[in-house]
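Okay, structure first, notes after.
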Amino acid sequence: MALKPEPTAPFHSVQYALRVLETIARHSGGVTDVQIARETGLPTAHLTPMLLMLRREGYVLQVSDGAYAIGDSLVLLGSGVDRQQALQDKLQETLDRLRDSVGAAVYISRYVDGEVSITQFADSPRTPKVHEWVDFRSAAHASAVGKCLLTQLDQNGRRDHLSRHKIARLTSKTITNEQILFSKLDSQPATVPMLDLQEYAVGTVCAAVPITAGSAVGCLALSMPVEHAHRLRAAAEALNRKAAPLLLSLTL
């Protein structure tokens with residue numbers, strides 16, 4: 001399976017974050033933001049919000065003299081045998097916060113062994129998750145999650161998937177023509193959230209953004225009842241802006 005090499009905005013943010021973390025890690029006694037800016041070459045306008053995000057996620061901490069040092073979350077994610085559980089806990093914590101921020105159920109999905117898989121999600125009574133009335137593995141052509149994952153595959157990867165999961169009409173809005181579907185996937189800008197406007201399920205709208213880490217294909221998604229559709233685009237843009245912490249956790 002080949003991937004489409006198309007970096008996203010969250011990807012670039014993660015590259016900057018990794019440079020900042022590497023710089024801080026080199027200074028065991030702490031390092032000031034002035035020194036971090038000097039060593040990374042990042043302007044203050046980029047560095048200040050980056051440090052705020054890293055502090056909020058627990059990857060760095062600010063010591064008494066104002067210098068920055070490596071935080072507990074980064075230590076846990078690098079702790080070997082406990083890393084997988086630490087990663088799941090960290091992702092869930094971030095998902096819970098993101099759910100409350102965008103006012104919608106949120107999901108992490110991965111494309112694993114040729115199948116769509118929802119690996120983690122965060123919902124609540126006020127932000128219910130989508131009712132999986134058709135197995136997500138069979139609905140990649142209709143769901144925001146599935147279409148976002150398919151955009152990250154090449155043509156052969158997409159055809160392979162659809163040869164195993166035939167396109168079916170799930171609602172009156174579902175795209176059932178492979179050529180039209182592929183055309184829409186190819187015209188989708190990498191930095192624009194993928195939308196599902198009742199294509200998977202009547203009464204539900206969804207959005208998804210890619211969070212590709214290395215060779216792994218993944219996405220971050222949200223869903224909400226159709227009566228909240230007027231909030232979808234704003235929530236989707238917020239989802240896109242806030243994807244960097246999740247991608248960073250998956251990359252570390």
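A note on labels: chains of the structure tokens are A, B, ... as shown, every chain counts residues from 1, and ligands are counted from 1 in their shown order.
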
Review point. Can you tell me, as a PyMOL selection string, what residues are no more than 10 Å from A:His141 when counting only C-alpha atoms, ignoring any on the same chain fewer than 2 positions away?
Key: chain A and resi 136-139+143-150+158+161-162+165-170+174-178+181-182+185+199-200

**Study point:** Close residues, A:Asp123 itself excluded, 8 Å, only C-alpha atoms, min 6 positions apart in chain, as a list in words
**Key:**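 Returned residues: Asp96, Arg99, Ala104, Ala105, Val106 and Lys129 of chain A.
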
Practice item. With a distance cut-off of 9 Å and only C-alpha atoms, select the neighbouring residues of A:Ala235, excluding the residue or stretch itself and same-chain residues fewer than 3 positions from it, and output the selection as JSON, numbers by chain. Key: {"A": [101, 102, 103, 104, 207, 222, 231, 232, 238, 239, 240]}

Could those selected residues go to a file with C-alpha atoms, as a compact mmCIF listing (two decimals), in the first residue's frame?
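part-v7.txt, freshly written:
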```
# COMPACT_ATOMS: atom_id res chain seq x y z
CA SER A 101 -13.77 22.06 23.28
CA VAL A 102 -15.55 21.39 19.97
CA GLY A 103 -18.83 20.20 21.49
CA ALA A 104 -18.95 16.92 19.59
CA ALA A 207 -15.79 15.76 9.71
CA LEU A 222 -15.96 14.34 14.98
CA ARG A 231 -21.64 24.33 13.79
CA LEU A 232 -19.94 21.64 11.70
CA ALA A 238 -11.10 23.74 15.33
CA LEU A 239 -10.47 20.01 15.05
CA ASN A 240 -7.86 20.65 12.37
```

Check your understanding: Nearest to A:Glu227: which of A:Ala37, A:Val202, A:Ala69, A:Leu42 is it, counting only C-alpha atoms?
Key -> A:Val202

Point to revise | Members of stretch 110-196 of chain A assigned alpha helix (DSSP H) by DSSP, as a ChimeraX atom specification | key: /A:144-151,155-164,178-186

Review point. Of the residues A:Pro245, A:Gln15, A:Met50, A:Ile70, which is the one nearest to A:His27, using only C-alpha atoms?
Key: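 Ranked by minimum distance to A:His27, first place goes to A:Ile70.
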
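Proximity to A:Val63 was assessed for A:Ala216, A:Ala140, A:Ala45, A:Val31 counting only C-alpha atoms; the smallest distance is recorded for A:Val31.
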
**Study point:** Neighbour list for A:Thr151 as a ChimeraX atom specification, cut-off 12 Å, only C-alpha atoms, skip fewer than 4 positions in-chain
**Key:** /A:2-6,111,140-141,144-147,155-159,181-194,208-212,217-219

Exercise for review: In Å, rounded to a single decimal, give me how far atom CA of A:Gln88 is from atom CA of A:Gly29.
Suggested key: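 So the two atoms, atom CA of A:Gly29 and atom CA of A:Gln88, lie 29.4 Å apart.
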
**Study point:** Per-residue DSSP, stretch 94-189 of chain A, filtered to strand (DSSP E or B), as a ChimeraX atom specification
**Key:** /A:105-112,115-122,153

Point to revise | Nearest residue to A:Ala122 from the set A:Thr40, A:Thr32, A:Gln92, A:Ser109 (distances using only C-alpha atoms) | key: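 Of A:Thr40, A:Thr32, A:Gln92, A:Ser109, the one nearest A:Ala122 is A:Gln92, counting only C-alpha atoms.
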
Contacts of A:Leu91 within 9 Å, only C-alpha atoms, excl. fewer than 3 positions in-chain, as a PDB file with N, CA, C and O atoms, in the first residue's frame:
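Output contents, as saved in selection_23.pdb:
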```
ATOM      1  N   ALA A  86       0.624   4.259  28.478  1.00  0.00           N
ATOM      2  CA  ALA A  86       0.794   5.699  28.658  1.00  0.00           C
ATOM      3  C   ALA A  86       0.282   6.456  27.435  1.00  0.00           C
ATOM      4  O   ALA A  86      -0.351   7.513  27.564  1.00  0.00           O
ATOM      5  N   LEU A  87       0.535   5.896  26.243  1.00  0.00           N
ATOM      6  CA  LEU A  87       0.070   6.536  25.016  1.00  0.00           C
ATOM      7  C   LEU A  87      -1.452   6.537  24.956  1.00  0.00           C
ATOM      8  O   LEU A  87      -2.071   7.566  24.654  1.00  0.00           O
ATOM      9  N   GLN A  88      -2.093   5.419  25.272  1.00  0.00           N
ATOM     10  CA  GLN A  88      -3.550   5.342  25.251  1.00  0.00           C
ATOM     11  C   GLN A  88      -4.161   6.331  26.248  1.00  0.00           C
ATOM     12  O   GLN A  88      -5.152   7.007  25.942  1.00  0.00           O
ATOM     13  N   THR A  94      -6.459  13.726  25.835  1.00  0.00           N
ATOM     14  CA  THR A  94      -6.537  14.764  24.812  1.00  0.00           C
ATOM     15  C   THR A  94      -7.882  14.721  24.093  1.00  0.00           C
ATOM     16  O   THR A  94      -8.486  15.765  23.795  1.00  0.00           O
ATOM     17  N   LEU A  95      -8.388  13.510  23.819  1.00  0.00           N
ATOM     18  CA  LEU A  95      -9.686  13.373  23.168  1.00  0.00           C
ATOM     19  C   LEU A  95     -10.810  13.930  24.039  1.00  0.00           C
ATOM     20  O   LEU A  95     -11.715  14.610  23.545  1.00  0.00           O
ATOM     21  N   ASP A  96     -10.761  13.634  25.325  1.00  0.00           N
ATOM     22  CA  ASP A  96     -11.788  14.148  26.238  1.00  0.00           C
ATOM     23  C   ASP A  96     -11.809  15.672  26.236  1.00  0.00           C
ATOM     24  O   ASP A  96     -12.884  16.295  26.212  1.00  0.00           O
ATOM     25  N   ILE A 108     -10.422   8.730  17.028  1.00  0.00           N
ATOM     26  CA  ILE A 108      -9.176   8.466  16.318  1.00  0.00           C
ATOM     27  C   ILE A 108      -9.413   7.206  15.500  1.00  0.00           C
ATOM     28  O   ILE A 108      -9.910   6.194  16.019  1.00  0.00           O
ATOM     29  N   GLN A 120      -9.919   4.774  19.245  1.00  0.00           N
ATOM     30  CA  GLN A 120     -10.318   5.428  20.492  1.00  0.00           C
ATOM     31  C   GLN A 120     -11.349   6.507  20.186  1.00  0.00           C
ATOM     32  O   GLN A 120     -11.376   7.045  19.077  1.00  0.00           O
ATOM     33  N   PRO A 245      -1.485  18.068  18.908  1.00  0.00           N
ATOM     34  CA  PRO A 245      -1.116  17.317  20.109  1.00  0.00           C
ATOM     35  C   PRO A 245      -1.288  15.807  19.956  1.00  0.00           C
ATOM     36  O   PRO A 245      -0.464  15.024  20.431  1.00  0.00           O
ATOM     37  N   LEU A 246      -2.360  15.388  19.273  1.00  0.00           N
ATOM     38  CA  LEU A 246      -2.574  13.952  19.064  1.00  0.00           C
ATOM     39  C   LEU A 246      -1.506  13.378  18.143  1.00  0.00           C
ATOM     40  O   LEU A 246      -0.959  12.303  18.408  1.00  0.00           O
ATOM     41  N   SER A 249       1.726  12.966  20.004  1.00  0.00           N
ATOM     42  CA  SER A 249       1.741  11.788  20.873  1.00  0.00           C
ATOM     43  C   SER A 249       2.008  10.518  20.072  1.00  0.00           C
ATOM     44  O   SER A 249       2.747   9.635  20.515  1.00  0.00           O
ATOM     45  N   LEU A 250       1.420  10.434  18.883  1.00  0.00           N
ATOM     46  CA  LEU A 250       1.612   9.251  18.034  1.00  0.00           C
ATOM     47  C   LEU A 250       3.009   9.197  17.441  1.00  0.00           C
ATOM     48  O   LEU A 250       3.510   8.108  17.123  1.00  0.00           O
TER      49      LEU A 250
END
```
